[in-house]
file protein.pdb (PDB, C-alpha atoms)
MODEL        1
ATOM      1  CA  ASP Y 205     -60.920  11.154  31.864
ATOM      2  CA  ALA Y 206     -58.205  13.751  31.290
ATOM      3  CA  GLY Y 207     -60.224  15.790  28.838
ATOM      4  CA  VAL Y 208     -58.853  17.340  25.672
ATOM      5  CA  ILE Y 209     -55.200  18.154  26.118
ATOM      6  CA  GLN Y 210     -53.508  20.929  24.190
ATOM      7  CA  SER Y 211     -49.878  21.967  24.126
ATOM      8  CA  PRO Y 212     -48.242  24.312  24.519
ATOM      9  CA  ARG Y 213     -50.461  26.563  26.653
ATOM     10  CA  HIS Y 214     -48.590  29.620  25.517
ATOM     11  CA  GLU Y 215     -46.412  30.166  22.474
ATOM     12  CA  VAL Y 216     -44.509  33.318  21.657
ATOM     13  CA  THR Y 217     -42.694  33.389  18.362
ATOM     14  CA  GLU Y 218     -41.340  35.789  15.813
ATOM     15  CA  MET Y 219     -42.882  36.506  12.481
ATOM     16  CA  GLY Y 220     -41.766  34.023   9.857
ATOM     17  CA  GLN Y 221     -41.215  31.163  12.262
ATOM     18  CA  GLU Y 222     -43.029  27.857  12.070
ATOM     19  CA  VAL Y 223     -45.524  27.151  14.830
ATOM     20  CA  THR Y 224     -46.955  23.747  15.693
ATOM     21  CA  LEU Y 225     -49.901  23.356  18.029
ATOM     22  CA  ARG Y 226     -50.782  19.954  19.404
ATOM     23  CA  CYS Y 227     -53.972  18.295  20.554
ATOM     24  CA  LYS Y 228     -54.904  15.010  22.168
ATOM     25  CA  PRO Y 229     -58.669  14.426  22.017
ATOM     26  CA  ILE Y 230     -60.653  12.501  24.570
ATOM     27  CA  SER Y 231     -60.171   8.779  24.091
ATOM     28  CA  GLY Y 232     -62.951   7.301  21.993
ATOM     29  CA  HIS Y 233     -64.015  10.610  20.449
ATOM     30  CA  ASP Y 234     -64.096  10.379  16.684
ATOM     31  CA  TYR Y 235     -64.587  14.023  15.732
ATOM     32  CA  LEU Y 236     -61.872  16.622  16.277
ATOM     33  CA  PHE Y 237     -62.202  20.347  15.681
ATOM     34  CA  TRP Y 238     -59.742  23.234  15.563
ATOM     35  CA  TYR Y 239     -61.125  26.661  16.425
ATOM     36  CA  ARG Y 240     -59.468  30.065  16.598
ATOM     37  CA  GLN Y 241     -60.670  32.796  18.960
ATOM     38  CA  THR Y 242     -59.955  36.493  18.612
ATOM     39  CA  MET Y 243     -61.662  39.572  19.991
ATOM     40  CA  MET Y 244     -62.499  40.807  16.520
ATOM     41  CA  ARG Y 245     -63.785  37.608  14.924
ATOM     42  CA  GLY Y 246     -64.865  35.522  17.883
ATOM     43  CA  LEU Y 247     -64.681  31.740  17.572
ATOM     44  CA  GLU Y 248     -63.969  30.529  14.071
ATOM     45  CA  LEU Y 249     -63.966  26.903  12.990
ATOM     46  CA  LEU Y 250     -60.790  26.227  11.057
ATOM     47  CA  ILE Y 251     -61.015  22.529  10.242
ATOM     48  CA  TYR Y 252     -62.544  19.341  11.538
ATOM     49  CA  PHE Y 253     -61.800  15.653  11.241
ATOM     50  CA  ASN Y 254     -63.874  12.518  11.457
ATOM     51  CA  ASN Y 255     -62.020   9.289  12.163
ATOM     52  CA  ASN Y 256     -58.740  11.085  11.388
ATOM     53  CA  VAL Y 257     -59.949  12.238   7.955
ATOM     54  CA  PRO Y 258     -60.347  15.984   7.271
ATOM     55  CA  ILE Y 259     -63.994  16.692   6.503
ATOM     56  CA  ASP Y 260     -64.142  20.443   6.114
ATOM     57  CA  ASP Y 261     -61.157  22.768   5.942
ATOM     58  CA  SER Y 262     -63.011  25.720   4.476
ATOM     59  CA  GLY Y 263     -62.214  27.776   7.570
ATOM     60  CA  MET Y 264     -58.474  27.500   7.188
ATOM     61  CA  PRO Y 265     -57.476  31.071   6.419
ATOM     62  CA  GLU Y 266     -54.542  30.516   4.098
ATOM     63  CA  ASP Y 267     -52.135  27.967   2.725
ATOM     64  CA  ARG Y 268     -49.849  28.881   5.577
ATOM     65  CA  PHE Y 269     -52.145  26.841   7.799
ATOM     66  CA  SER Y 270     -52.190  23.061   7.721
ATOM     67  CA  ALA Y 271     -53.619  20.404  10.019
ATOM     68  CA  LYS Y 272     -53.043  16.711  10.340
ATOM     69  CA  MET Y 273     -54.434  13.865  12.357
ATOM     70  CA  PRO Y 274     -52.098  10.905  11.953
ATOM     71  CA  ASN Y 275     -54.018   8.790  14.456
ATOM     72  CA  ALA Y 276     -57.066   8.885  16.688
ATOM     73  CA  SER Y 277     -55.196  10.327  19.646
ATOM     74  CA  PHE Y 278     -53.187  13.156  18.118
ATOM     75  CA  SER Y 279     -53.626  16.164  15.877
ATOM     76  CA  THR Y 280     -51.449  19.103  14.921
ATOM     77  CA  LEU Y 281     -52.148  22.540  13.545
ATOM     78  CA  LYS Y 282     -49.158  24.098  11.846
ATOM     79  CA  ILE Y 283     -48.623  27.670  10.736
ATOM     80  CA  GLN Y 284     -45.703  28.277   8.408
ATOM     81  CA  PRO Y 285     -44.651  31.033   8.162
ATOM     82  CA  SER Y 286     -46.399  32.723  11.057
ATOM     83  CA  GLU Y 287     -47.565  36.342  10.922
ATOM     84  CA  PRO Y 288     -48.605  38.791  13.665
ATOM     85  CA  ARG Y 289     -52.249  38.552  12.541
ATOM     86  CA  ASP Y 290     -52.188  34.869  13.473
ATOM     87  CA  SER Y 291     -52.022  35.881  17.136
ATOM     88  CA  ALA Y 292     -55.049  34.325  18.805
ATOM     89  CA  VAL Y 293     -56.147  31.545  21.110
ATOM     90  CA  TYR Y 294     -56.382  28.243  19.283
ATOM     91  CA  PHE Y 295     -58.747  25.645  20.682
ATOM     92  CA  CYS Y 296     -59.043  21.984  19.952
ATOM     93  CA  ALA Y 297     -62.312  20.214  20.697
ATOM     94  CA  SER Y 298     -63.609  16.700  20.292
ATOM     95  CA  SER Y 299     -66.969  14.981  20.205
ATOM     96  CA  SER Y 300     -68.308  11.475  20.392
ATOM     97  CA  LEU Y 301     -71.027   9.372  18.847
ATOM     98  CA  ARG Y 302     -72.104   8.637  22.418
ATOM     99  CA  ASP Y 303     -73.224  12.281  22.598
ATOM    100  CA  ARG Y 304     -74.552  12.110  19.030
ATOM    101  CA  HIS Y 305     -71.680  14.433  18.155
ATOM    102  CA  GLU Y 306     -73.793  17.282  19.486
ATOM    103  CA  LYS Y 307     -71.651  18.353  22.391
ATOM    104  CA  LEU Y 308     -68.086  19.562  22.093
ATOM    105  CA  PHE Y 309     -65.421  19.110  24.735
ATOM    106  CA  PHE Y 310     -62.796  21.814  24.545
ATOM    107  CA  GLY Y 311     -59.184  21.914  25.554
ATOM    108  CA  SER Y 312     -57.775  24.846  27.484
ATOM    109  CA  GLY Y 313     -56.367  26.388  24.338
ATOM    110  CA  THR Y 314     -52.998  27.614  23.108
ATOM    111  CA  GLN Y 315     -52.394  31.351  23.400
ATOM    112  CA  LEU Y 316     -50.277  32.232  20.358
ATOM    113  CA  SER Y 317     -48.440  35.518  20.095
ATOM    114  CA  VAL Y 318     -46.542  36.270  16.904
ATOM    115  CA  LEU Y 319     -44.233  39.259  17.272
TER     116      LEU Y 319
ATOM    117  CA  SER D 128     -68.898  33.317   9.561
ATOM    118  CA  GLN D 129     -70.752  33.799  12.818
ATOM    119  CA  GLN D 130     -74.222  32.305  12.901
ATOM    120  CA  GLY D 131     -75.337  33.563  16.282
ATOM    121  CA  GLU D 132     -75.536  37.124  17.460
ATOM    122  CA  GLU D 133     -75.771  37.633  21.173
ATOM    123  CA  ASP D 134     -77.294  40.366  23.198
ATOM    124  CA  PRO D 135     -76.214  42.045  25.343
ATOM    125  CA  GLN D 136     -72.484  42.002  24.688
ATOM    126  CA  ALA D 137     -71.874  42.575  28.393
ATOM    127  CA  LEU D 138     -74.061  42.231  31.464
ATOM    128  CA  SER D 139     -73.242  43.278  35.009
ATOM    129  CA  ILE D 140     -75.472  42.228  37.906
ATOM    130  CA  GLN D 141     -75.453  41.636  41.653
ATOM    131  CA  GLU D 142     -75.283  38.219  43.227
ATOM    132  CA  GLY D 143     -78.764  36.767  43.649
ATOM    133  CA  GLU D 144     -80.208  38.523  40.605
ATOM    134  CA  ASN D 145     -81.244  36.734  37.439
ATOM    135  CA  ALA D 146     -79.244  37.052  34.247
ATOM    136  CA  THR D 147     -80.809  36.799  30.802
ATOM    137  CA  MET D 148     -78.828  36.497  27.592
ATOM    138  CA  ASN D 149     -80.273  36.350  24.108
ATOM    139  CA  CYS D 150     -79.078  34.766  20.900
ATOM    140  CA  SER D 151     -80.327  35.186  17.353
ATOM    141  CA  TYR D 152     -79.339  33.065  14.395
ATOM    142  CA  LYS D 153     -79.885  33.105  10.665
ATOM    143  CA  THR D 154     -80.360  29.649   9.193
ATOM    144  CA  SER D 155     -82.252  26.469  10.039
ATOM    145  CA  ILE D 156     -80.836  24.499  12.916
ATOM    146  CA  ASN D 157     -80.963  21.015  14.382
ATOM    147  CA  ASN D 158     -80.213  22.256  17.849
ATOM    148  CA  LEU D 159     -78.887  25.217  19.769
ATOM    149  CA  GLN D 160     -76.417  24.970  22.615
ATOM    150  CA  TRP D 161     -75.012  27.258  25.266
ATOM    151  CA  TYR D 162     -71.421  27.179  26.446
ATOM    152  CA  ARG D 163     -69.581  28.987  29.218
ATOM    153  CA  GLN D 164     -65.999  30.178  29.055
ATOM    154  CA  ASN D 165     -64.127  31.220  32.146
ATOM    155  CA  SER D 166     -61.231  33.606  31.622
ATOM    156  CA  GLY D 167     -58.239  31.843  30.123
ATOM    157  CA  ARG D 168     -60.040  28.527  29.771
ATOM    158  CA  GLY D 169     -61.788  26.483  27.138
ATOM    159  CA  LEU D 170     -65.525  26.416  26.580
ATOM    160  CA  VAL D 171     -67.727  24.159  28.661
ATOM    161  CA  HIS D 172     -71.056  22.817  27.441
ATOM    162  CA  LEU D 173     -74.028  23.928  29.552
ATOM    163  CA  ILE D 174     -77.253  22.917  27.878
ATOM    164  CA  LEU D 175     -78.699  21.848  24.539
ATOM    165  CA  ILE D 176     -82.171  22.475  23.146
ATOM    166  CA  ARG D 177     -83.430  20.757  20.024
ATOM    167  CA  SER D 178     -85.289  22.509  17.231
ATOM    168  CA  ASN D 179     -88.562  20.807  18.219
ATOM    169  CA  GLU D 180     -88.301  21.933  21.850
ATOM    170  CA  ARG D 181     -89.402  25.271  23.244
ATOM    171  CA  GLU D 182     -87.979  25.275  26.737
ATOM    172  CA  LYS D 183     -85.471  23.312  28.756
ATOM    173  CA  HIS D 184     -84.214  23.462  32.324
ATOM    174  CA  SER D 185     -81.020  22.333  33.982
ATOM    175  CA  GLY D 186     -80.476  23.363  37.576
ATOM    176  CA  ARG D 187     -80.438  27.175  37.655
ATOM    177  CA  LEU D 188     -80.407  27.358  33.861
ATOM    178  CA  ARG D 189     -83.452  27.837  31.699
ATOM    179  CA  VAL D 190     -83.186  28.051  27.942
ATOM    180  CA  THR D 191     -85.935  28.871  25.482
ATOM    181  CA  LEU D 192     -86.018  28.527  21.737
ATOM    182  CA  ASP D 193     -88.275  30.286  19.253
ATOM    183  CA  THR D 194     -87.571  28.874  15.810
ATOM    184  CA  SER D 195     -90.080  31.208  14.152
ATOM    185  CA  LYS D 196     -88.013  34.164  15.359
ATOM    186  CA  LYS D 197     -84.719  32.298  15.123
ATOM    187  CA  SER D 198     -83.858  33.257  18.662
ATOM    188  CA  SER D 199     -82.995  31.720  22.001
ATOM    189  CA  SER D 200     -82.524  32.984  25.513
ATOM    190  CA  LEU D 201     -80.529  31.697  28.457
ATOM    191  CA  LEU D 202     -81.703  32.572  31.944
ATOM    192  CA  ILE D 203     -79.467  32.021  34.940
ATOM    193  CA  THR D 204     -81.457  32.329  38.149
ATOM    194  CA  ALA D 205     -80.080  33.382  41.530
ATOM    195  CA  SER D 206     -76.704  34.194  40.055
ATOM    196  CA  ARG D 207     -73.459  33.704  41.971
ATOM    197  CA  ALA D 208     -70.069  35.335  41.667
ATOM    198  CA  ALA D 209     -68.830  32.009  40.259
ATOM    199  CA  ASP D 210     -71.163  32.480  37.266
ATOM    200  CA  THR D 211     -68.907  35.299  36.067
ATOM    201  CA  ALA D 212     -67.804  34.171  32.606
ATOM    202  CA  SER D 213     -68.501  34.577  28.911
ATOM    203  CA  TYR D 214     -71.518  32.743  27.569
ATOM    204  CA  PHE D 215     -71.812  31.619  23.966
ATOM    205  CA  CYS D 216     -74.663  30.229  21.970
ATOM    206  CA  ALA D 217     -73.812  27.730  19.264
ATOM    207  CA  THR D 218     -75.969  26.302  16.518
ATOM    208  CA  LEU D 219     -75.808  22.932  14.843
ATOM    209  CA  GLY D 220     -77.073  23.167  11.298
ATOM    210  CA  THR D 221     -77.157  20.619   8.565
ATOM    211  CA  SER D 222     -73.434  19.875   8.567
ATOM    212  CA  TYR D 223     -73.074  16.926  10.893
ATOM    213  CA  GLY D 224     -71.067  17.766  13.973
ATOM    214  CA  LYS D 225     -70.240  21.325  12.905
ATOM    215  CA  LEU D 226     -71.127  23.965  15.494
ATOM    216  CA  THR D 227     -71.127  27.682  14.755
ATOM    217  CA  PHE D 228     -70.651  30.035  17.692
ATOM    218  CA  GLY D 229     -71.977  33.487  18.450
ATOM    219  CA  GLN D 230     -69.853  36.374  19.685
ATOM    220  CA  GLY D 231     -70.737  35.806  23.313
ATOM    221  CA  THR D 232     -72.043  37.738  26.309
ATOM    222  CA  ILE D 233     -69.658  38.704  29.085
ATOM    223  CA  LEU D 234     -71.447  38.246  32.406
ATOM    224  CA  THR D 235     -70.075  39.798  35.566
ATOM    225  CA  VAL D 236     -71.735  38.925  38.857
ATOM    226  CA  HIS D 237     -70.731  41.172  41.738
ATOM    227  CA  PRO D 238     -70.671  39.646  45.231
TER     228      PRO D 238
ENDMDL
END

call {"tool": "encode", "arguments": {"input": "protein.pdb", "output": "structure tokens"}}
result
Amino acid sequence: DAGVIQSPRHEVTEMGQEVTLRCKPISGHDYLFWYRQTMMRGLELLIYFNNNVPIDDSGMPEDRFSAKMPNASFSTLKIQPSEPRDSAVYFCASSSLRDRHEKLFFGSGTQLSVL
Amino acid sequence: SQQGEEDPQALSIQEGENATMNCSYKTSINNLQWYRQNSGRGLVHLILIRSNEREKHSGRLRVTLDTSKKSSSLLITASRAADTASYFCATLGTSYGKLTFGQGTILTVHP
């Protein structure tokens, strides 16, 4: 089992540019979560999906943020346009009915720096 | 918003000593979990305790839960340098599958 795979590991971009973060959940997991981690705010849940359908996007900070899950093995988080305050580590996590959806498996994260 | 508040924010101990971290939360929960995060890595699940349980053990980990005080503690016994990491509590409330994380405790274990 390869675990949750995120790409890229690091992204440096300039303010105003579009940023796309990618996630491949663990095969067979039917919940997918996007979290953002900063020193000031800790880990914040942005959005989560069940069976590719967004369930709760109340954590998405602004309309500049959007997330999609076109199929069970792929999700994207897009920021357009990006701003310096979006700099953070973005984590994707997945969970499975086998674990009663109680335990999250995290990817290694994408370190985003917006200059 | 953050559900869990952890205490202390940072803890520095010598190898072989025990480390205790505390977590308080605000609303009713189904379960409480602890995760570890090594520097530059994602979070890894350590242990889960359900709302009807008071204590649970897993190897060198012992977690307690007091729902009347809305608090939990994680004890790591006989700590090792490899235990150096950030530790987060996370609560599962009424929203199925949705975990809310605390701010974390940074544990440093000196060899």

call {"tool": "residues_near_point", "arguments": {"input": "protein.pdb", "point": "(-79.4, 22.8, 2.7)", "cutoff": "10 Å", "atoms": "only C-alpha atoms", "output": "PyMOL selection string"}}
result
chain D and resi 154-155+220-222

call {"tool": "resolve_selection", "arguments": {"input": "protein.pdb", "expression": "the ChimeraX specification (/D :<7) & /Y", "output": "list in words"}}
result
Gly246, Leu247, His305, Glu306, Lys307, Leu308, Phe309, Phe310, Gly311, Ser312 and Gly313 of chain Y

call {"tool": "resolve_selection", "arguments": {"input": "protein.pdb", "expression": "the PyMOL selection byres ((chain Y and resi 261-265) around 7)", "output": "count of residues only"}}
result
9

call {"tool": "resolve_selection", "arguments": {"input": "protein.pdb", "expression": "the PyMOL selection byres ((chain Y and resi 206) around 9)", "output": "MDAnalysis selection string"}}
result
chainID Y and resid 205 207:209 230:231

call {"tool": "residues_around", "arguments": {"input": "protein.pdb", "residues": "Arg187 in chain D", "least_positions_apart": "2", "cutoff": "8 Å", "atoms": "only C-alpha atoms", "output": "list in words"}}
result
His184, Ser185, Arg189, Leu202, Ile203, Thr204 and Ala205 of chain D

call {"tool": "residues_around", "arguments": {"input": "protein.pdb", "residues": "Thr191 in chain D", "least_positions_apart": "2", "cutoff": "10 Å", "atoms": "all atoms listed in the file", "output": "VMD selection string"}}
result
chain D and resid 149 159 176 180 to 184 189 193 to 194 198 to 202
